[in-house]
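Novice: What follows is structure.cif, mmCIF, C-alpha atoms.
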```
data_start
#
loop_
_atom_site.group_PDB
_atom_site.id
_atom_site.type_symbol
_atom_site.label_atom_id
_atom_site.label_comp_id
_atom_site.auth_asym_id
_atom_site.auth_seq_id
_atom_site.Cartn_x
_atom_site.Cartn_y
_atom_site.Cartn_z
ATOM 1 C CA MET A 247 106.273 93.869 98.598
ATOM 2 C CA LYS A 248 105.239 96.534 101.051
ATOM 3 C CA LEU A 249 101.634 97.647 101.276
ATOM 4 C CA VAL A 250 101.318 100.400 103.881
ATOM 5 C CA PHE A 251 98.350 102.419 105.150
ATOM 6 C CA THR A 252 98.868 105.692 107.047
ATOM 7 C CA LEU A 253 96.369 108.254 108.334
ATOM 8 C CA ASP A 254 95.550 111.924 108.526
ATOM 9 C CA THR A 255 92.220 111.913 110.365
ATOM 10 C CA HIS A 256 90.295 112.492 113.565
ATOM 11 C CA GLY A 257 86.710 112.180 114.739
ATOM 12 C CA THR A 258 85.815 109.081 112.703
ATOM 13 C CA CYS A 259 86.274 105.319 112.967
ATOM 14 C CA VAL A 260 88.892 105.337 110.203
ATOM 15 C CA GLY A 261 91.685 105.147 112.797
ATOM 16 C CA GLN A 262 90.251 101.883 114.113
ATOM 17 C CA LEU A 263 89.670 100.656 110.576
ATOM 18 C CA ARG A 264 93.291 101.372 109.694
ATOM 19 C CA ASP A 265 94.274 98.984 112.505
ATOM 20 C CA GLU A 266 92.093 96.320 110.850
ATOM 21 C CA LEU A 267 94.309 96.670 107.748
ATOM 22 C CA LEU A 268 97.480 95.636 109.627
ATOM 23 C CA PRO A 269 97.010 91.919 108.787
ATOM 24 C CA LEU A 270 96.751 92.857 105.095
ATOM 25 C CA GLU A 271 100.032 94.778 105.382
ATOM 26 C CA GLU A 272 101.692 91.747 106.988
ATOM 27 C CA LEU A 273 100.306 89.375 104.372
ATOM 28 C CA ALA A 274 101.483 91.623 101.533
ATOM 29 C CA ASN A 275 105.060 91.258 102.819
ATOM 30 C CA THR A 276 104.925 87.677 101.506
ATOM 31 C CA TRP A 277 103.741 88.678 98.018
ATOM 32 C CA GLU A 278 105.869 89.261 94.958
ATOM 33 C CA PHE A 279 105.188 92.529 93.154
ATOM 34 C CA PRO A 280 107.630 94.837 91.331
ATOM 35 C CA TYR A 281 106.973 97.887 93.541
ATOM 36 C CA ASP A 282 105.705 98.944 96.954
ATOM 37 C CA ILE A 283 102.400 100.734 97.495
ATOM 38 C CA PHE A 284 101.832 103.379 100.169
ATOM 39 C CA PHE A 285 98.352 104.708 100.982
ATOM 40 C CA VAL A 286 97.655 107.895 102.904
ATOM 41 C CA LEU A 287 94.028 108.048 104.049
ATOM 42 C CA ARG A 288 92.977 111.630 104.698
ATOM 43 C CA VAL A 289 89.578 112.196 106.263
ATOM 44 C CA LEU A 290 89.444 115.976 106.158
ATOM 45 C CA PRO A 291 86.805 118.714 106.058
ATOM 46 C CA GLU A 292 85.620 119.482 102.536
ATOM 47 C CA SER A 293 86.585 123.128 103.107
ATOM 48 C CA TYR A 294 90.260 122.089 102.898
ATOM 49 C CA GLY A 295 89.792 121.391 99.195
ATOM 50 C CA ARG A 296 92.199 118.450 99.342
ATOM 51 C CA THR A 297 91.938 116.075 96.388
ATOM 52 C CA THR A 298 92.928 112.471 95.843
ATOM 53 C CA SER A 299 96.226 112.015 94.024
ATOM 54 C CA ARG A 300 98.800 109.431 93.058
ATOM 55 C CA ARG A 301 102.475 109.476 92.226
ATOM 56 C CA PHE A 302 104.905 106.816 91.069
ATOM 57 C CA ASP A 303 108.522 107.174 92.143
ATOM 58 C CA SER A 304 110.688 105.244 89.652
ATOM 59 C CA ARG A 305 113.837 105.639 91.769
ATOM 60 C CA ASP A 306 112.305 103.978 94.857
ATOM 61 C CA HIS A 307 109.878 101.745 92.933
ATOM 62 C CA THR A 308 106.951 103.008 94.995
ATOM 63 C CA LEU A 309 103.405 103.997 94.182
ATOM 64 C CA GLU A 310 102.000 106.619 96.554
ATOM 65 C CA LEU A 311 98.213 106.855 96.734
ATOM 66 C CA ASP A 312 96.895 109.855 98.657
ATOM 67 C CA ILE A 313 93.151 109.409 99.188
ATOM 68 C CA SER A 314 90.975 112.298 100.386
ATOM 69 C CA ILE A 315 87.686 111.449 102.055
ATOM 70 C CA SER A 316 84.946 113.796 103.244
ATOM 71 C CA TYR A 317 85.065 114.247 107.015
ATOM 72 C CA GLU A 318 81.481 115.541 106.995
ATOM 73 C CA GLN A 319 80.238 112.431 105.181
ATOM 74 C CA TYR A 320 82.139 109.957 107.366
ATOM 75 C CA GLN A 321 80.914 111.688 110.555
ATOM 76 C CA ARG A 322 77.364 110.617 109.655
ATOM 77 C CA MET A 323 78.334 107.015 108.852
ATOM 78 C CA SER A 324 78.492 104.006 111.145
ATOM 79 C CA LYS A 325 81.737 102.104 111.523
ATOM 80 C CA HIS A 326 80.370 99.372 109.222
ATOM 81 C CA GLU A 327 79.439 101.968 106.593
ATOM 82 C CA GLN A 328 82.887 103.536 106.860
ATOM 83 C CA ARG A 329 84.550 100.125 106.417
ATOM 84 C CA GLU A 330 82.396 99.342 103.379
ATOM 85 C CA GLY A 331 82.858 102.778 101.818
ATOM 86 C CA LEU A 332 86.580 102.804 102.486
ATOM 87 C CA GLY A 333 86.978 99.244 101.178
ATOM 88 C CA ILE A 334 85.260 100.065 97.902
ATOM 89 C CA HIS A 335 87.227 103.292 97.543
ATOM 90 C CA LEU A 336 90.583 101.662 98.367
ATOM 91 C CA PHE A 337 90.113 98.718 96.038
ATOM 92 C CA ASN A 338 88.819 100.773 93.116
ATOM 93 C CA TYR A 339 91.602 103.346 93.427
ATOM 94 C CA LEU A 340 94.228 100.632 93.786
ATOM 95 C CA SER A 341 92.892 98.869 90.667
ATOM 96 C CA GLU A 342 92.831 102.091 88.670
ATOM 97 C CA SER A 343 96.313 103.099 89.836
ATOM 98 C CA VAL A 344 98.020 99.734 89.259
ATOM 99 C CA THR A 345 96.521 99.620 85.762
ATOM 100 C CA LYS A 346 97.759 103.145 85.041
ATOM 101 C CA TYR A 347 101.370 102.175 85.747
ATOM 102 C CA ASN A 348 101.343 99.088 83.536
ATOM 103 C CA LYS A 349 104.947 99.476 82.334
ATOM 104 C CA HIS A 350 106.096 98.514 85.848
ATOM 105 C CA ALA A 351 103.920 95.384 86.167
ATOM 106 C CA ASP A 352 102.358 93.329 83.385
ATOM 107 C CA LYS A 353 98.628 92.586 83.294
ATOM 108 C CA GLU A 354 99.001 89.111 84.816
ATOM 109 C CA THR A 355 101.065 90.433 87.738
ATOM 110 C CA GLN A 356 98.565 93.270 88.282
ATOM 111 C CA ASN A 357 95.634 90.819 88.300
ATOM 112 C CA GLN A 358 97.406 88.531 90.773
ATOM 113 C CA LEU A 359 97.913 91.420 93.184
ATOM 114 C CA LEU A 360 94.349 92.680 92.801
ATOM 115 C CA ASP A 361 92.952 89.151 93.281
ATOM 116 C CA LEU A 362 94.935 88.722 96.515
ATOM 117 C CA VAL A 363 93.805 92.105 97.876
ATOM 118 C CA LYS A 364 90.180 91.492 96.863
ATOM 119 C CA LYS A 365 90.171 88.023 98.446
ATOM 120 C CA TRP A 366 91.453 89.447 101.735
ATOM 121 C CA MET A 367 88.952 92.326 101.639
ATOM 122 C CA ILE A 368 86.003 89.985 101.033
ATOM 123 C CA GLU A 369 87.111 87.578 103.780
ATOM 124 C CA ASN A 370 87.395 90.494 106.229
ATOM 125 C CA ASN A 371 84.136 92.316 105.371
ATOM 126 C CA TRP A 372 85.786 95.204 103.524
ATOM 127 C CA LEU A 373 84.019 94.298 100.292
ATOM 128 C CA ASN A 374 80.568 92.678 100.146
ATOM 129 C CA GLY A 375 80.539 92.656 103.941
ATOM 130 C CA LYS A 376 77.861 92.536 106.573
ATOM 131 C CA LEU A 377 76.150 95.725 105.406
ATOM 132 C CA ASN A 378 75.696 94.306 101.943
ATOM 133 C CA GLN A 379 74.426 91.016 103.402
ATOM 134 C CA ALA A 380 72.021 92.869 105.692
ATOM 135 C CA ARG A 381 70.636 94.899 102.785
ATOM 136 C CA LYS A 382 70.007 91.712 100.802
ATOM 137 C CA LEU A 383 68.249 90.006 103.715
ATOM 138 C CA LEU A 384 66.145 93.075 104.525
ATOM 139 C CA SER A 385 65.136 93.439 100.873
ATOM 140 C CA GLN A 386 63.914 89.825 101.036
ATOM 141 C CA ASP A 387 61.588 90.910 103.878
ATOM 142 C CA MET A 388 63.521 89.109 106.602
ATOM 143 C CA GLY A 389 62.752 90.640 109.991
ATOM 144 C CA LEU A 390 65.111 93.006 111.763
ATOM 145 C CA TYR A 391 65.699 90.648 114.685
ATOM 146 C CA GLU A 392 66.375 87.679 112.406
ATOM 147 C CA VAL A 393 68.900 89.673 110.353
ATOM 148 C CA SER A 394 70.548 90.861 113.570
ATOM 149 C CA GLN A 395 70.879 87.291 114.838
ATOM 150 C CA LYS A 396 72.010 85.816 111.522
ATOM 151 C CA LEU A 397 74.761 88.399 110.971
ATOM 152 C CA GLN A 398 75.600 88.820 114.673
ATOM 153 C CA MET A 399 75.117 92.576 114.455
ATOM 154 C CA PRO A 400 73.370 94.842 116.969
ATOM 155 C CA LEU A 401 69.655 95.315 116.315
ATOM 156 C CA GLU A 402 70.171 99.107 116.327
ATOM 157 C CA GLU A 403 72.630 98.762 113.442
ATOM 158 C CA ILE A 404 70.140 96.688 111.431
ATOM 159 C CA GLU A 405 67.426 99.286 112.076
ATOM 160 C CA TYR A 406 69.833 101.983 110.909
ATOM 161 C CA ILE A 407 70.590 100.040 107.710
ATOM 162 C CA LEU A 408 66.866 99.707 107.014
ATOM 163 C CA LEU A 409 66.383 103.446 107.521
ATOM 164 C CA ARG A 410 69.275 104.172 105.145
ATOM 165 C CA MET A 411 67.742 101.804 102.570
ATOM 166 C CA ASN A 412 64.609 103.939 102.756
ATOM 167 C CA ASP A 413 66.448 107.186 101.973
ATOM 168 C CA TYR A 414 67.022 108.336 105.543
ATOM 169 C CA GLU A 415 69.936 110.779 105.422
ATOM 170 C CA PRO A 416 71.379 111.368 108.901
ATOM 171 C CA THR A 417 72.398 114.887 109.820
ATOM 172 C CA ASP A 418 74.058 114.181 113.166
ATOM 173 C CA VAL A 419 77.326 112.528 114.103
ATOM 174 C CA HIS A 420 76.811 108.756 114.155
ATOM 175 C CA PRO A 421 77.192 107.277 117.677
ATOM 176 C CA ASP A 422 80.067 105.036 116.468
ATOM 177 C CA ASN A 423 82.147 108.174 115.939
ATOM 178 C CA ILE A 424 81.250 109.524 119.381
ATOM 179 C CA VAL A 425 82.324 106.227 120.958
ATOM 180 C CA VAL A 426 85.733 106.618 119.331
ATOM 181 C CA GLY A 427 86.060 109.551 121.711
ATOM 182 C CA LYS A 428 87.236 111.995 119.111
ATOM 183 C CA ALA A 429 83.994 113.372 117.715
ATOM 184 C CA PRO A 430 82.327 116.383 119.303
ATOM 185 C CA LEU A 431 79.064 115.693 121.108
#
```
Would you mind writing the file out in structure tokens?

Specialist:
Amino acid sequence: MKLVFTLDTHGTCVGQLRDELLPLEELANTWEFPYDIFFVLRVLPESYGRTTSRRFDSRDHTLELDISISYEQYQRMSKHEQREGLGIHLFNYLSESVTKYNKHADKETQNQLLDLVKKWMIENNWLNGKLNQARKLLSQDMGLYEVSQKLQMPLEEIEYILLRMNDYEPTDVHPDNIVVGKAPL
């Protein structure tokens, strides 16, 4: 089967994150599934009014999933937060969409696909990744430095996670998006 991820974005880390999905695309080529799945990830300003949609093409046996994500929200998120948020969104929408088109794949075949995708996402920190682990450790009163060392994450990122856990809502562009070189200063 083909599992393909394409982009319509700028100014966020989603472009880099899309590159992290290439091994999943390659792995999916070895899987058996009755149709191909194409994702379009659109990180666009909310003012565009673009909504998430899906379409199944019976002639080509393809499921097209067009996911709209808030540019303003992702601008304020770190790369790790974007990966986690995107991973949850991708997996949930894939699950919902595959289930919706059940006449093309039976329940067992659907579950096999979803299990393979979920396994890959967990192994590659797209689901229950380092952010989730850091939150658990910080909630157990482990020190910032210890969490940073244990998860091999920058201390600044751990501090940021702790601030977010305590209802800090950033208003500026996160430095990870500036580093990408596409976000305005």

Novice: Evaluated on this file, the PyMOL selection byres ((chain A and resi 259) around 8) picks out some residues - which ones are they, written as a list in words?

Specialist: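 Output from the PyMOL selection byres ((chain A and resi 259) around 8), applied to this file: Gly257, Thr258, Val260, Gly261, Gln262, Leu263, Lys325, Gln328, Asp422, Asn423 and Val426 of chain A.
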
Novice: Go through A:Glu415, A:Leu268, A:Asn275, A:Phe302 and flag the residue nearest Lys346 (chain A), using all atoms listed in the file for the distances.

Specialist: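 Checking each candidate against Lys346 (chain A), we get A:Phe302 as the closest.
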
Novice: Could you give me, as a ChimeraX atom specification, the residues within 9 Å of His420 (chain A), counting only C-alpha atoms and dropping anything in the same chain fewer than 2 positions from it?

Specialist: /A:320-325,416-418,422-424

Novice: Using C-alpha atoms, can you export the residues from the last selection as a PDB file, keeping the file's coordinate frame?

Specialist:
```pdb
ATOM      1  CA  TYR A 320      82.139 109.957 107.366  1.00  0.00           C
ATOM      2  CA  GLN A 321      80.914 111.688 110.555  1.00  0.00           C
ATOM      3  CA  ARG A 322      77.364 110.617 109.655  1.00  0.00           C
ATOM      4  CA  MET A 323      78.334 107.015 108.852  1.00  0.00           C
ATOM      5  CA  SER A 324      78.492 104.006 111.145  1.00  0.00           C
ATOM      6  CA  LYS A 325      81.737 102.104 111.523  1.00  0.00           C
ATOM      7  CA  PRO A 416      71.379 111.368 108.901  1.00  0.00           C
ATOM      8  CA  THR A 417      72.398 114.887 109.820  1.00  0.00           C
ATOM      9  CA  ASP A 418      74.058 114.181 113.166  1.00  0.00           C
ATOM     10  CA  ASP A 422      80.067 105.036 116.468  1.00  0.00           C
ATOM     11  CA  ASN A 423      82.147 108.174 115.939  1.00  0.00           C
ATOM     12  CA  ILE A 424      81.250 109.524 119.381  1.00  0.00           C
TER      13      ILE A 424
END
```

Novice: Check which residues satisfy the PyMOL selection byres ((chain A and resi 387-390) around 10) in the file shown, then give them as number ranges by chain.

Specialist: A: 380-386, 391-396, 400-405, 407-408

Novice: Mind giving me the axis-aligned box for region 272-281 of chain A with 8 Å on every side, centre plus edges in Å to one decimal, as lines of an AutoDock Vina configuration file?

Specialist:
```
center_x = 104.0
center_y = 92.8
center_z = 99.2
size_x = 23.3
size_y = 26.2
size_z = 31.7
```

Novice: Take CA of Phe285 (chain A) and CA of Glu354 (chain A) and report the distance between them in Å, one decimal.

Specialist: 22.5 Å

Novice: Could you tell me which residues the PyMOL selection byres ((chain A and resi 329-338) around 9) returns for this structure, as a list in words?

Specialist: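 Output of the PyMOL selection byres ((chain A and resi 329-338) around 9): Cys259, Val260, Leu263, Phe285, Ile313, Ile315, Ser324, Lys325, His326, Glu327, Gln328, Tyr339, Leu340, Ser341, Glu342, Ser343, Leu360, Val363, Lys364, Met367, Asn371, Trp372, Leu373, Asn374, Gly375, Lys376, Leu377 and Asn378 of chain A.
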
Novice: Considering all atoms listed in the file, state which residue in the set A:Val289, A:Ala351, A:Leu273, A:Leu267 is at the smallest distance from Asp254 (chain A).

Specialist: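 So, comparing all the options, the nearest one is A:Val289.
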
Novice: So that I can check the surroundings of Val344 (chain A), please list as a compact mmCIF listing (two decimals) with C-alpha atoms, in the coordinates of the input every protein, DNA and RNA residue that reaches within 12 Å of it, counting only C-alpha atoms and ignoring chain neighbours fewer than 4 positions away.

Specialist:
```txt
# COMPACT_ATOMS: atom_id res chain seq x y z
CA PHE A 279 105.19 92.53 93.15
CA PRO A 280 107.63 94.84 91.33
CA TYR A 281 106.97 97.89 93.54
CA ASP A 282 105.70 98.94 96.95
CA ILE A 283 102.40 100.73 97.50
CA ARG A 300 98.80 109.43 93.06
CA ARG A 301 102.48 109.48 92.23
CA PHE A 302 104.90 106.82 91.07
CA THR A 308 106.95 103.01 95.00
CA LEU A 309 103.40 104.00 94.18
CA GLU A 310 102.00 106.62 96.55
CA LEU A 311 98.21 106.86 96.73
CA LEU A 336 90.58 101.66 98.37
CA PHE A 337 90.11 98.72 96.04
CA ASN A 338 88.82 100.77 93.12
CA TYR A 339 91.60 103.35 93.43
CA LEU A 340 94.23 100.63 93.79
CA ASN A 348 101.34 99.09 83.54
CA LYS A 349 104.95 99.48 82.33
CA HIS A 350 106.10 98.51 85.85
CA ALA A 351 103.92 95.38 86.17
CA ASP A 352 102.36 93.33 83.38
CA LYS A 353 98.63 92.59 83.29
CA GLU A 354 99.00 89.11 84.82
CA THR A 355 101.06 90.43 87.74
CA GLN A 356 98.56 93.27 88.28
CA ASN A 357 95.63 90.82 88.30
CA GLN A 358 97.41 88.53 90.77
CA LEU A 359 97.91 91.42 93.18
CA LEU A 360 94.35 92.68 92.80
```
